[in-house]
$ cat target.csv   # CSV, C-alpha atoms and all ligand atoms
chain,number,residue,atom,x,y,z
A,493,MET,CA,60.5,-3.4,52.4
A,494,SER,CA,62.9,-4.4,49.6
A,495,THR,CA,62.1,-2.9,46.2
A,496,TYR,CA,63.5,-4.4,43.0
A,497,GLN,CA,63.5,-3.1,39.5
A,498,ILE,CA,62.7,-6.0,37.1
A,499,ALA,CA,63.3,-5.4,33.4
A,500,PHE,CA,60.5,-7.3,31.7
A,501,LEU,CA,61.2,-8.6,28.2
A,502,SER,CA,58.3,-10.8,27.1
A,503,GLY,CA,59.4,-11.3,23.5
A,504,ASP,CA,57.7,-13.3,20.8
A,505,GLY,CA,55.4,-16.3,20.5
A,506,ILE,CA,54.7,-18.2,23.7
A,507,GLY,CA,57.4,-16.0,25.3
A,508,LYS,CA,54.7,-13.3,25.8
A,509,GLU,CA,52.2,-15.8,27.2
A,510,VAL,CA,54.5,-17.5,29.8
A,511,ALA,CA,56.2,-14.2,30.8
A,512,GLU,CA,52.8,-12.6,31.4
A,513,GLU,CA,51.6,-15.5,33.5
A,514,THR,CA,54.7,-15.5,35.5
A,515,ARG,CA,54.3,-11.8,36.1
A,516,ARG,CA,50.7,-12.5,37.4
A,517,VAL,CA,52.1,-15.1,39.8
A,518,LEU,CA,54.8,-12.7,41.0
A,519,GLU,CA,52.2,-10.0,41.6
A,520,TYR,CA,50.4,-12.4,43.8
A,521,LEU,CA,53.6,-13.4,45.5
A,522,GLN,CA,53.9,-9.8,46.6
A,523,ILE,CA,50.5,-9.9,48.2
A,524,LEU,CA,51.6,-13.0,50.3
A,525,LEU,CA,55.0,-11.4,51.0
A,526,PRO,CA,54.3,-7.7,51.3
A,527,GLU,CA,57.9,-7.0,52.3
A,528,ILE,CA,58.9,-7.6,48.7
A,529,LYS,CA,58.1,-5.0,46.0
A,530,LEU,CA,58.9,-5.9,42.3
A,531,ASN,CA,58.6,-3.0,39.9
A,532,PHE,CA,58.2,-4.5,36.4
A,533,VAL,CA,59.6,-2.2,33.7
A,534,PRO,CA,58.7,-3.6,30.2
A,535,TYR,CA,61.1,-3.1,27.3
A,536,PRO,CA,60.6,-4.0,23.6
A,537,MET,CA,62.9,-6.7,22.2
A,538,GLY,CA,62.6,-9.6,19.8
A,539,ALA,CA,61.6,-10.5,16.2
A,540,GLY,CA,58.3,-8.6,16.6
A,541,GLU,CA,60.2,-5.5,17.6
A,542,TYR,CA,62.4,-5.9,14.5
A,543,LEU,CA,59.2,-6.0,12.3
A,544,LYS,CA,58.0,-2.8,13.9
A,545,ASN,CA,61.2,-0.8,14.2
A,546,GLY,CA,63.9,-2.6,12.3
A,547,ASN,CA,66.0,-3.6,15.3
A,548,PRO,CA,65.4,-6.7,17.5
A,549,LEU,CA,67.5,-5.1,20.4
A,550,PRO,CA,67.0,-1.3,20.5
A,551,ASP,CA,69.8,0.7,22.2
A,552,SER,CA,67.3,2.1,24.6
A,553,THR,CA,66.3,-1.4,25.7
A,554,LEU,CA,70.0,-2.4,26.2
A,555,GLU,CA,70.6,0.7,28.3
A,556,GLY,CA,67.4,0.3,30.3
A,557,ILE,CA,67.9,-3.3,31.2
A,558,LYS,CA,71.5,-2.6,32.5
A,559,LYS,CA,69.9,-0.4,35.2
A,560,ALA,CA,67.6,-3.2,36.4
A,561,ASP,CA,68.2,-5.4,39.5
A,562,ALA,CA,67.3,-8.4,37.4
A,563,ILE,CA,65.9,-9.2,33.9
A,564,LEU,CA,62.9,-11.5,33.4
A,565,LEU,CA,62.6,-12.7,29.8
A,566,GLY,CA,60.0,-14.8,28.0
A,567,ALA,CA,61.4,-16.1,24.6
A,568,MET,CA,62.6,-14.4,21.4
A,569,GLY,CA,62.7,-15.2,17.7
A,570,LEU,CA,60.3,-16.2,15.0
A,571,PRO,CA,61.2,-18.7,12.3
A,572,GLU,CA,59.8,-16.5,9.5
A,573,VAL,CA,61.8,-13.4,10.6
A,574,ARG,CA,65.4,-13.9,9.5
A,575,TRP,CA,68.6,-12.0,8.6
A,576,SER,CA,69.7,-12.2,5.0
A,577,ASP,CA,72.2,-15.0,5.8
A,578,GLY,CA,69.3,-17.2,6.9
A,579,THR,CA,69.8,-17.0,10.7
A,580,GLU,CA,67.1,-16.1,13.1
A,581,MET,CA,66.9,-13.0,15.3
A,582,VAL,CA,68.5,-14.0,18.6
A,583,PRO,CA,68.7,-10.8,20.8
A,584,GLN,CA,68.4,-13.1,23.9
A,585,ILE,CA,71.9,-14.5,22.9
A,586,GLU,CA,73.2,-11.0,22.0
A,587,ILE,CA,72.4,-9.7,25.6
A,588,ARG,CA,74.4,-12.7,27.1
A,589,GLU,CA,77.4,-11.5,25.1
A,590,LYS,CA,76.8,-7.8,25.6
A,591,LEU,CA,76.2,-8.1,29.4
A,592,ASP,CA,78.8,-10.8,29.8
A,593,LEU,CA,76.4,-13.3,31.3
A,594,TYR,CA,78.9,-16.1,31.1
A,595,ALA,CA,77.2,-18.6,33.4
A,596,GLY,CA,74.1,-20.4,32.0
A,597,GLU,CA,72.5,-22.3,34.8
A,598,ARG,CA,70.0,-24.9,33.6
A,599,PRO,CA,68.6,-27.0,36.5
A,600,LEU,CA,66.8,-30.2,35.5
A,601,ARG,CA,64.6,-31.6,38.2
A,602,LEU,CA,61.9,-34.3,37.9
A,603,TYR,CA,58.6,-33.3,39.7
A,604,HIS,CA,56.6,-36.5,39.0
A,605,GLU,CA,57.4,-40.0,37.7
A,606,SER,CA,54.8,-39.7,35.0
A,607,PHE,CA,56.6,-36.7,33.4
A,608,THR,CA,59.7,-38.7,32.4
A,609,PRO,CA,60.0,-41.3,29.6
A,610,LEU,CA,62.5,-43.2,31.8
A,611,LYS,CA,61.3,-46.0,34.0
A,612,GLY,CA,61.7,-46.0,37.8
A,613,PHE,CA,62.4,-42.4,38.6
A,614,GLN,CA,60.3,-40.6,41.2
A,615,ASN,CA,60.0,-37.0,42.2
A,616,GLY,CA,63.4,-35.5,42.8
A,617,GLU,CA,65.3,-38.6,41.6
A,618,ILE,CA,66.6,-36.7,38.5
A,619,ASP,CA,68.1,-33.5,39.9
A,620,LEU,CA,70.9,-32.0,37.8
A,621,LEU,CA,72.4,-28.6,37.2
A,622,ILE,CA,73.9,-28.0,33.8
A,623,ILE,CA,76.3,-25.0,33.7
A,624,ARG,CA,76.6,-23.8,30.2
A,625,GLU,CA,79.4,-21.4,29.2
A,626,ASN,CA,77.4,-18.7,27.5
A,627,THR,CA,79.8,-16.3,25.9
A,628,GLU,CA,82.3,-18.3,23.7
A,629,GLY,CA,82.6,-22.0,22.6
A,630,LEU,CA,81.0,-22.8,19.3
A,631,PHE,CA,78.7,-19.8,19.5
A,632,TRP,CA,81.8,-17.6,19.2
A,633,GLY,CA,81.5,-18.2,15.4
A,634,ARG,CA,78.4,-16.0,15.4
A,635,THR,CA,80.5,-12.8,15.6
A,636,ALA,CA,83.9,-14.0,14.4
A,637,GLY,CA,85.2,-13.4,10.9
A,638,ARG,CA,83.7,-15.5,8.0
A,639,SER,CA,85.4,-17.8,5.5
A,640,GLU,CA,86.9,-16.1,2.5
A,641,ASP,CA,86.0,-19.0,0.3
A,642,PRO,CA,82.6,-18.5,-1.2
A,643,ASP,CA,82.1,-22.3,-1.4
A,644,SER,CA,82.5,-22.9,2.3
A,645,GLU,CA,81.5,-21.6,5.7
A,646,GLU,CA,83.0,-22.1,9.1
A,647,ASP,CA,82.2,-21.5,12.8
A,648,ILE,CA,85.0,-21.4,15.2
A,649,MET,CA,85.0,-23.1,18.6
A,650,HIS,CA,86.8,-20.6,20.8
A,651,ILE,CA,87.8,-21.3,24.4
A,652,SER,CA,89.8,-18.7,26.4
A,653,ARG,CA,91.7,-19.3,29.6
A,654,LYS,CA,89.6,-16.7,31.3
A,655,GLY,CA,86.3,-18.2,30.0
A,656,ALA,CA,87.2,-21.8,31.0
A,657,GLU,CA,88.5,-20.7,34.3
A,658,ARG,CA,85.6,-18.6,35.4
A,659,ILE,CA,82.9,-21.1,34.3
A,660,SER,CA,84.8,-24.0,36.0
A,661,ARG,CA,85.0,-22.0,39.2
A,662,TYR,CA,81.3,-21.2,38.9
A,663,ALA,CA,80.5,-24.8,38.6
A,664,PHE,CA,82.6,-25.9,41.6
A,665,LYS,CA,81.1,-23.1,43.7
A,666,LYS,CA,77.6,-24.4,42.8
A,667,ALA,CA,78.6,-28.0,43.6
A,668,ILE,CA,79.7,-27.0,47.1
A,669,LEU,CA,76.1,-26.0,47.9
A,670,ARG,CA,74.6,-29.3,46.7
A,671,PRO,CA,74.6,-32.6,48.6
A,672,ALA,CA,76.2,-34.8,45.9
A,673,LYS,CA,79.3,-32.5,45.6
A,674,LYS,CA,80.3,-33.7,42.1
A,675,VAL,CA,81.2,-31.8,39.0
A,676,CYS,CA,81.4,-33.4,35.5
A,677,LEU,CA,83.1,-31.7,32.6
A,678,VAL,CA,81.6,-32.6,29.3
A,679,ASP,CA,83.9,-32.1,26.3
A,680,LYS,CA,85.4,-33.7,23.2
A,681,ALA,CA,89.0,-33.5,24.5
A,682,ASN,CA,90.0,-36.7,22.5
A,683,VAL,CA,89.5,-34.8,19.2
A,684,LEU,CA,89.3,-31.0,19.7
A,685,LYS,CA,92.2,-28.9,20.9
A,686,SER,CA,89.9,-26.3,22.4
A,687,SER,CA,88.3,-29.1,24.6
A,688,ALA,CA,91.7,-30.4,25.7
A,689,PHE,CA,92.6,-26.9,26.7
A,690,PHE,CA,89.3,-26.4,28.6
A,691,ARG,CA,89.9,-29.8,30.4
A,692,GLU,CA,93.4,-28.8,31.5
A,693,ILE,CA,92.0,-25.6,33.1
A,694,PHE,CA,89.0,-27.4,34.6
A,695,LEU,CA,91.3,-29.9,36.3
A,696,GLU,CA,93.6,-27.1,37.6
A,697,VAL,CA,90.6,-25.2,39.1
A,698,GLY,CA,89.3,-28.5,40.5
A,699,LYS,CA,92.4,-28.8,42.7
A,700,GLN,CA,91.2,-25.7,44.6
A,701,PHE,CA,88.1,-27.6,45.6
A,702,PRO,CA,89.3,-30.9,47.1
A,703,GLU,CA,85.9,-31.7,48.7
A,704,ILE,CA,84.3,-31.9,45.2
A,705,GLU,CA,84.6,-35.1,43.1
A,706,THR,CA,85.5,-34.4,39.5
A,707,GLU,CA,85.1,-36.4,36.3
A,708,CYS,CA,85.4,-35.7,32.6
A,709,VAL,CA,83.2,-37.4,30.0
A,710,TYR,CA,83.2,-37.1,26.3
A,711,VAL,CA,80.0,-35.4,25.0
A,712,ASP,CA,78.9,-38.3,22.8
A,713,ALA,CA,79.2,-40.8,25.7
A,714,PHE,CA,77.6,-38.2,28.0
A,715,ALA,CA,74.5,-38.1,25.8
A,716,LEU,CA,74.2,-41.8,26.3
A,717,PHE,CA,74.8,-41.8,30.0
A,718,LEU,CA,72.4,-38.9,30.6
A,719,VAL,CA,69.6,-41.1,29.3
A,720,GLN,CA,70.9,-44.4,30.9
A,721,ARG,CA,71.8,-43.1,34.3
A,722,PRO,CA,71.0,-39.4,34.9
A,723,GLN,CA,71.0,-40.0,38.7
A,724,THR,CA,74.8,-40.5,38.7
A,725,PHE,CA,75.4,-36.9,37.7
A,726,ASP,CA,75.1,-33.7,39.7
A,727,VAL,CA,76.7,-30.4,38.4
A,728,ILE,CA,77.7,-30.6,34.7
A,729,VAL,CA,79.9,-27.9,33.1
A,730,THR,CA,80.4,-27.6,29.4
A,731,GLU,CA,80.9,-25.3,26.5
A,732,ASN,CA,78.2,-23.2,24.9
A,733,MET,CA,76.8,-25.5,22.1
A,734,PHE,CA,77.2,-28.8,24.0
A,735,GLY,CA,75.3,-27.1,26.8
A,736,ASP,CA,72.6,-25.9,24.4
A,737,ILE,CA,72.0,-29.4,23.1
A,738,LEU,CA,72.4,-31.3,26.4
A,739,SER,CA,70.0,-29.1,28.2
A,740,ASP,CA,67.2,-29.8,25.7
A,741,LEU,CA,68.0,-33.6,26.0
A,742,GLY,CA,67.9,-33.2,29.8
A,743,ALA,CA,64.6,-31.3,29.5
A,744,GLY,CA,63.2,-34.3,27.6
A,745,LEU,CA,63.9,-36.4,30.7
A,746,ILE,CA,61.8,-34.3,33.1
A,747,GLY,CA,58.7,-33.5,31.0
A,748,GLY,CA,59.9,-31.3,28.1
A,749,MET,CA,60.9,-27.7,27.5
A,750,GLY,CA,58.0,-26.4,29.5
A,751,MET,CA,59.7,-27.7,32.7
A,752,ALA,CA,63.2,-26.4,32.1
A,753,PRO,CA,64.1,-23.1,33.7
A,754,SER,CA,67.4,-21.1,33.3
A,755,ALA,CA,69.4,-18.2,34.5
A,756,ASP,CA,72.2,-16.4,32.7
A,757,ILE,CA,74.4,-14.8,35.3
A,758,GLY,CA,77.3,-12.3,35.0
A,759,GLU,CA,79.2,-10.2,37.5
A,760,GLN,CA,76.9,-7.2,37.1
A,761,HIS,CA,73.7,-8.5,35.5
A,762,ALA,CA,71.4,-11.5,35.3
A,763,VAL,CA,68.7,-12.7,33.0
A,764,PHE,CA,66.1,-15.3,34.0
A,765,GLN,CA,64.2,-17.1,31.3
A,766,PRO,CA,62.8,-20.6,30.3
A,767,SER,CA,65.2,-22.8,28.4
A,768,HIS,CA,62.6,-23.1,25.6
A,769,GLY,CA,62.1,-20.9,22.5
A,770,THR,CA,59.0,-19.2,21.2
A,771,ALA,CA,57.3,-22.6,20.2
A,772,PRO,CA,55.5,-21.2,17.1
A,773,ASP,CA,53.6,-24.5,16.8
A,774,ILE,CA,51.5,-23.7,19.9
A,775,ALA,CA,51.9,-19.9,20.1
A,776,GLY,CA,48.7,-17.8,20.4
A,777,GLN,CA,46.6,-20.7,21.8
A,778,GLY,CA,47.1,-20.0,25.5
A,779,ILE,CA,48.2,-23.6,26.2
A,780,ALA,CA,52.0,-23.1,26.9
A,781,ASN,CA,53.3,-24.5,30.1
A,782,PRO,CA,54.5,-21.6,32.2
A,783,VAL,CA,56.4,-23.7,34.8
A,784,ALA,CA,59.8,-23.2,33.2
A,785,THR,CA,59.4,-19.4,33.5
A,786,ILE,CA,57.9,-19.6,37.0
A,787,LEU,CA,60.9,-21.7,38.1
A,788,SER,CA,63.2,-19.2,36.4
A,789,ALA,CA,61.5,-16.5,38.4
A,790,ALA,CA,62.2,-18.6,41.6
A,791,MET,CA,65.9,-18.5,40.5
A,792,MET,CA,65.6,-14.7,40.2
A,793,MET,CA,64.2,-14.4,43.7
A,794,ASP,CA,67.1,-16.4,45.0
A,795,TYR,CA,69.6,-14.2,43.1
A,796,LEU,CA,67.8,-11.1,44.6
A,797,LYS,CA,68.5,-12.8,48.0
A,798,GLU,CA,64.8,-13.4,48.7
A,799,PRO,CA,65.0,-17.2,49.6
A,800,ARG,CA,61.6,-17.2,51.2
A,801,ALA,CA,60.0,-16.1,47.9
A,802,ALA,CA,62.1,-18.6,45.9
A,803,SER,CA,61.1,-21.5,48.2
A,804,LEU,CA,57.4,-20.5,48.2
A,805,LEU,CA,57.4,-20.7,44.3
A,806,ILE,CA,59.4,-24.0,44.2
A,807,SER,CA,57.4,-25.8,47.0
A,808,SER,CA,54.1,-24.7,45.3
A,809,VAL,CA,55.3,-26.2,42.0
A,810,GLU,CA,56.2,-29.4,43.9
A,811,GLU,CA,52.8,-29.4,45.6
A,812,ILE,CA,50.8,-28.8,42.5
A,813,PHE,CA,52.4,-31.8,40.8
A,814,LYS,CA,52.3,-34.1,43.8
A,815,GLU,CA,49.7,-36.4,42.1
A,816,GLY,CA,51.0,-35.8,38.6
A,817,LYS,CA,47.8,-33.9,37.7
A,818,ASN,CA,47.1,-30.2,37.3
A,819,THR,CA,49.2,-30.1,34.1
A,820,THR,CA,49.1,-28.3,30.8
A,821,ARG,CA,48.7,-30.3,27.6
A,822,ASP,CA,52.5,-30.9,27.1
A,823,LEU,CA,52.3,-33.1,30.2
A,824,GLY,CA,49.0,-34.8,29.2
A,825,GLY,CA,46.7,-32.5,31.1
A,826,ALA,CA,44.1,-30.0,30.0
A,827,LEU,CA,44.9,-26.8,31.8
A,828,SER,CA,45.5,-23.6,29.9
A,829,THR,CA,48.4,-21.3,30.8
A,830,ARG,CA,46.1,-19.1,32.7
A,831,ALA,CA,44.3,-21.9,34.5
A,832,PHE,CA,47.6,-23.3,35.6
A,833,GLY,CA,48.6,-19.9,37.0
A,834,ASP,CA,45.3,-19.7,38.9
A,835,LYS,CA,45.8,-23.1,40.4
A,836,LEU,CA,49.3,-22.3,41.4
A,837,MET,CA,48.3,-19.1,43.1
A,838,GLN,CA,45.7,-21.1,45.1
A,839,VAL,CA,48.5,-23.6,46.1
A,840,MET,CA,50.7,-20.7,47.1
A,841,LYS,CA,48.0,-19.3,49.3
A,842,ASN,CA,47.5,-22.7,51.0
A,843,GLN,CA,51.2,-23.2,51.4
A,844,PHE,CA,51.5,-19.9,53.0
A,845,GLU,CA,48.7,-20.4,55.6
B,1,LIG,P1,64.9,-22.2,20.2
B,1,LIG,O1,65.7,-22.7,19.1
B,1,LIG,O2,64.4,-20.8,20.0
B,1,LIG,O3,65.4,-22.5,21.5
B,1,LIG,P2,63.4,-24.6,19.8
B,1,LIG,O4,63.5,-24.8,18.3
B,1,LIG,O5,64.3,-25.4,20.7
B,1,LIG,O6,63.5,-23.0,20.1
B,1,LIG,P3,61.1,-24.5,21.3
B,1,LIG,O7,60.4,-23.3,21.0
B,1,LIG,O8,61.8,-24.6,22.5
B,1,LIG,O9,62.0,-24.9,20.1
B,1,LIG,O10,60.1,-25.7,21.2
B,1,LIG,C1,60.4,-27.1,21.1
B,1,LIG,C2,59.2,-28.0,21.3
B,1,LIG,O11,58.8,-27.9,22.7
B,1,LIG,C3,58.0,-27.5,20.5
B,1,LIG,O12,57.2,-28.6,20.1
B,1,LIG,C4,57.2,-26.7,21.5
B,1,LIG,O13,55.8,-26.7,21.2
B,1,LIG,C5,57.5,-27.4,22.8
B,1,LIG,N1,57.5,-26.4,23.9
B,1,LIG,C6,58.5,-25.5,24.1
B,1,LIG,N2,58.2,-24.7,25.2
B,1,LIG,C7,57.0,-25.2,25.7
B,1,LIG,C8,56.1,-24.8,26.7
B,1,LIG,N3,56.4,-23.8,27.6
B,1,LIG,N4,54.9,-25.5,26.9
B,1,LIG,C9,54.6,-26.5,26.1
B,1,LIG,N5,55.4,-26.9,25.0
B,1,LIG,C10,56.5,-26.2,24.8
$ encode --input "target.csv" --output "structure tokens" --more "lines below"
Ligand code: ATP
Amino acid sequence: MSTYQIAFLSGDGIGKEVAEETRRVLEYLQILLPEIKLNFVPYPMGAGEYLKNGNPLPDSTLEGIKKADAILLGAMGLPEVRWSDGTEMVPQIEIREKLDLYAGERPLRLYHESFTPLKGFQNGEIDLLIIRENTEGLFWGRTAGRSEDPDSEEDIMHISRKGAERISRYAFKKAILRPAKKVCLVDKANVLKSSAFFREIFLEVGKQFPEIETECVYVDAFALFLVQRPQTFDVIVTENMFGDILSDLGAGLIGGMGMAPSADIGEQHAVFQPSHGTAPDIAGQGIANPVATILSAAMMMDYLKEPRAASLLISSVEEIFKEGKNTTRDLGGALSTRAFGDKLMQVMKNQFE
């Protein structure tokens, strides 16, 4: 039997609801695959924790999650809980920086034609992997020095050689494992020096992967192409903020934020969480779509080198959506978070038999 310690950070808003449902699904997975044992260890973190104890990311949480084999996270932050400068609590971003989780993997796969606003795309015909650089880029400004002029503010876009090199290599290595074997760098190299620098390094790294086709597209044009012809892209690599925006745009093409999983991977640690936030507009109603978190858990099982568990989760999601039914409200259905989880477990059982 393989036993894994899973740090469980459910967070705020719908984060709690989707994380709890995913945990229930994973508990059931262990009944079907008894050779896997997941020990969930909960830790406090988020805006709710700040309201209780004055710190959204307690030191004991940071130390505890470092010891885990993987970290499963719901979502963090509440719009009404802010720092004095007006920004929200974002401990989920802080841990990317503190644990050096430089590679943000955001797969975007369409599971049913009725989930996309685009015409003519069937199950699997949108299948992209955005690799977002997670530790620098425009988010660098969060911790960099502030403007000395009281009448202005600035955020710096910072790209280092090390940062650009390792994320480019990460993207190429991912592309090798996929059938299309293409990597597209998205940047603004015609205007920004940091982008031109990133592009130079990306092309250098690309030379070490001659079997992979490379292209570079400016971010504004890419936003257009992503809507007009998403099927022409495969792996996409980009800096932090462009990746943040484009992965939400991409989520819109496959059914919304409830369908978009993610993984934040470093050399030592990894966090798995939905791409969405705490969705205060629907929090507390039990109607959030847990699929993004369940698919993130599938990525976690893959990371833990349990491919059988990962494929059982993914094939069950594929099966449940075969007819475009069995959906939560965001996709036009009527299932609650819990009812979706129950149906999924039934499908997992059937798949397994
Ligand atoms: P953040 O800035 O923290 O990433 P956000 O501002 O992007 O958050 P989200 O919380 O991701 O906002 O929500 C964006 C929209 O998507 C909201 O209308 C929300 O209700 C919807 N949404 C997000 N996640 C889900 C989900 N799991 N199920 C259903 N709807 C969702």
$ closest_residue --input "target.csv" --among "A:Gln777, A:Ser687, A:Ser767, A:Ser807" --to "ligand LIG 1 (chain B)" --atoms "all atoms listed in the file"
A:Ser767
$ atom_distance --input "target.csv" --atom1 "atom CA of Leu554 of chain A" --atom2 "atom CA of Glu731 of chain A"
25.4 Å
$ closest_atom_pairs --input "target.csv" --of "chain A" --to "ligand LIG 1 (chain B)" --cutoff "10 Å" --atoms "all atoms listed in the file" --output "Markdown table"
| residue | atom | partner | partner_atom | distance |
| --- | --- | --- | --- | --- |
| A:Gly505 | CA | B:LIG1 | O7 | 8.6 |
| A:Ile506 | CA | B:LIG1 | N3 | 7.0 |
| A:Gly507 | CA | B:LIG1 | N3 | 8.2 |
| A:Glu509 | CA | B:LIG1 | N3 | 9.0 |
| A:Val510 | CA | B:LIG1 | N3 | 6.9 |
| A:Gly566 | CA | B:LIG1 | N3 | 9.7 |
| A:Ala567 | CA | B:LIG1 | O2 | 7.2 |
| A:Met568 | CA | B:LIG1 | O2 | 6.8 |
| A:Gly569 | CA | B:LIG1 | O2 | 6.3 |
| A:Leu570 | CA | B:LIG1 | O2 | 7.9 |
| A:Pro571 | CA | B:LIG1 | O2 | 8.6 |
| A:Glu580 | CA | B:LIG1 | O2 | 8.8 |
| A:Met581 | CA | B:LIG1 | O2 | 9.4 |
| A:Val582 | CA | B:LIG1 | O2 | 8.1 |
| A:Gln584 | CA | B:LIG1 | O2 | 9.5 |
| A:Asp736 | CA | B:LIG1 | O3 | 8.5 |
| A:Ile737 | CA | B:LIG1 | O5 | 9.0 |
| A:Asp740 | CA | B:LIG1 | O5 | 7.3 |
| A:Ala743 | CA | B:LIG1 | O11 | 9.6 |
| A:Gly744 | CA | B:LIG1 | O11 | 9.2 |
| A:Gly747 | CA | B:LIG1 | C9 | 9.5 |
| A:Gly748 | CA | B:LIG1 | O11 | 6.5 |
| A:Met749 | CA | B:LIG1 | N2 | 4.6 |
| A:Gly750 | CA | B:LIG1 | N3 | 3.6 |
| A:Met751 | CA | B:LIG1 | N3 | 7.2 |
| A:Ala752 | CA | B:LIG1 | N3 | 8.6 |
| A:Pro753 | CA | B:LIG1 | N3 | 9.8 |
| A:Pro766 | CA | B:LIG1 | N3 | 7.6 |
| A:Ser767 | CA | B:LIG1 | O3 | 6.9 |
| A:His768 | CA | B:LIG1 | O8 | 3.5 |
| A:Gly769 | CA | B:LIG1 | O7 | 3.3 |
| A:Thr770 | CA | B:LIG1 | O7 | 4.3 |
| A:Ala771 | CA | B:LIG1 | O7 | 3.3 |
| A:Pro772 | CA | B:LIG1 | O7 | 6.6 |
| A:Asp773 | CA | B:LIG1 | O13 | 5.4 |
| A:Ile774 | CA | B:LIG1 | O13 | 5.4 |
| A:Ala775 | CA | B:LIG1 | O13 | 7.9 |
| A:Gly778 | CA | B:LIG1 | N4 | 9.6 |
| A:Ile779 | CA | B:LIG1 | N4 | 7.0 |
| A:Ala780 | CA | B:LIG1 | N4 | 3.8 |
| A:Asn781 | CA | B:LIG1 | N4 | 3.7 |
| A:Pro782 | CA | B:LIG1 | N3 | 5.4 |
| A:Val783 | CA | B:LIG1 | N3 | 7.2 |
| A:Ala784 | CA | B:LIG1 | N3 | 6.6 |
| A:Thr785 | CA | B:LIG1 | N3 | 7.9 |
| A:Thr820 | CA | B:LIG1 | C9 | 7.5 |
| A:Arg821 | CA | B:LIG1 | C9 | 7.2 |
| A:Asp822 | CA | B:LIG1 | C9 | 5.0 |
| A:Leu823 | CA | B:LIG1 | C9 | 8.1 |
| A:Thr829 | CA | B:LIG1 | N4 | 8.7 |
$ atom_distance --input "target.csv" --atom1 "atom CA of Ala789 of chain A" --atom2 "atom CA of Ala667 of chain A"
21.3 Å
$ closest_residue --input "target.csv" --among "A:Phe631, A:Phe844, A:Tyr496, A:Tyr662" --to "Ile648 of chain A" --atoms "all atoms listed in the file"
A:Phe631
$ residues_around --input "target.csv" --residues "segment 691-700 of chain A" --least-positions-apart "6" --cutoff "10 Å" --atoms "all atoms listed in the file" --output "number ranges by chain"
A: 652-661, 663-664, 675-681, 685, 706-708, 729-730
$ write_last_selection --input "target.csv" --atoms "C-alpha atoms" --output "PDB file, in the frame of the given file"
ATOM      1  CA  SER A 652      89.800 -18.700  26.400  1.00  0.00           C
ATOM      2  CA  ARG A 653      91.700 -19.300  29.600  1.00  0.00           C
ATOM      3  CA  LYS A 654      89.600 -16.700  31.300  1.00  0.00           C
ATOM      4  CA  GLY A 655      86.300 -18.200  30.000  1.00  0.00           C
ATOM      5  CA  ALA A 656      87.200 -21.800  31.000  1.00  0.00           C
ATOM      6  CA  GLU A 657      88.500 -20.700  34.300  1.00  0.00           C
ATOM      7  CA  ARG A 658      85.600 -18.600  35.400  1.00  0.00           C
ATOM      8  CA  ILE A 659      82.900 -21.100  34.300  1.00  0.00           C
ATOM      9  CA  SER A 660      84.800 -24.000  36.000  1.00  0.00           C
ATOM     10  CA  ARG A 661      85.000 -22.000  39.200  1.00  0.00           C
ATOM     11  CA  ALA A 663      80.500 -24.800  38.600  1.00  0.00           C
ATOM     12  CA  PHE A 664      82.600 -25.900  41.600  1.00  0.00           C
ATOM     13  CA  VAL A 675      81.200 -31.800  39.000  1.00  0.00           C
ATOM     14  CA  CYS A 676      81.400 -33.400  35.500  1.00  0.00           C
ATOM     15  CA  LEU A 677      83.100 -31.700  32.600  1.00  0.00           C
ATOM     16  CA  VAL A 678      81.600 -32.600  29.300  1.00  0.00           C
ATOM     17  CA  ASP A 679      83.900 -32.100  26.300  1.00  0.00           C
ATOM     18  CA  LYS A 680      85.400 -33.700  23.200  1.00  0.00           C
ATOM     19  CA  ALA A 681      89.000 -33.500  24.500  1.00  0.00           C
ATOM     20  CA  LYS A 685      92.200 -28.900  20.900  1.00  0.00           C
ATOM     21  CA  THR A 706      85.500 -34.400  39.500  1.00  0.00           C
ATOM     22  CA  GLU A 707      85.100 -36.400  36.300  1.00  0.00           C
ATOM     23  CA  CYS A 708      85.400 -35.700  32.600  1.00  0.00           C
ATOM     24  CA  VAL A 729      79.900 -27.900  33.100  1.00  0.00           C
ATOM     25  CA  THR A 730      80.400 -27.600  29.400  1.00  0.00           C
TER      26      THR A 730
END
$ atom_distance --input "target.csv" --atom1 "atom CA of Ile557 of chain A" --atom2 "atom CA of Thr579 of chain A"
24.7 Å
$ closest_residue --input "target.csv" --among "A:Thr514, A:Asn682, A:Asn531, A:Gln723" --to "Asp834 of chain A" --atoms "only C-alpha atoms"
A:Thr514
$ closest_residue --input "target.csv" --among "A:Leu565, A:Leu549, A:Ala826, A:Ala755" --to "Glu625 of chain A" --atoms "all atoms listed in the file"
A:Ala755
$ residues_around --input "target.csv" --residues "Pro599 of chain A" --least-positions-apart "5" --cutoff "10 Å" --atoms "all atoms listed in the file" --output "PyMOL selection string"
chain A and resi 619-623+726-728+739+742-743+751-755+767+787-788+791
$ closest_residue --input "target.csv" --among "A:Ile618, A:Ile757, A:Ala762, A:Ala715" --to "Lys559 of chain A" --atoms "all atoms listed in the file"
A:Ala762
$ closest_residue --input "target.csv" --among "A:Arg721, A:Leu716, A:Gly833, A:Ala539" --to "Leu738 of chain A" --atoms "all atoms listed in the file"
A:Leu716
$ residues_around --input "target.csv" --residues "segment 632-644 of chain A" --least-positions-apart "5" --cutoff "10 Å" --atoms "only C-alpha atoms" --output "tab-separated table (two decimals) with C-alpha atoms, in the coordinates of the input"
chain	number	residue	atom	x	y	z
A	579	THR	CA	69.80	-17.00	10.70
A	586	GLU	CA	73.20	-11.00	22.00
A	589	GLU	CA	77.40	-11.50	25.10
A	626	ASN	CA	77.40	-18.70	27.50
A	627	THR	CA	79.80	-16.30	25.90
A	649	MET	CA	85.00	-23.10	18.60
A	650	HIS	CA	86.80	-20.60	20.80
A	651	ILE	CA	87.80	-21.30	24.40
A	732	ASN	CA	78.20	-23.20	24.90
A	733	MET	CA	76.80	-25.50	22.10
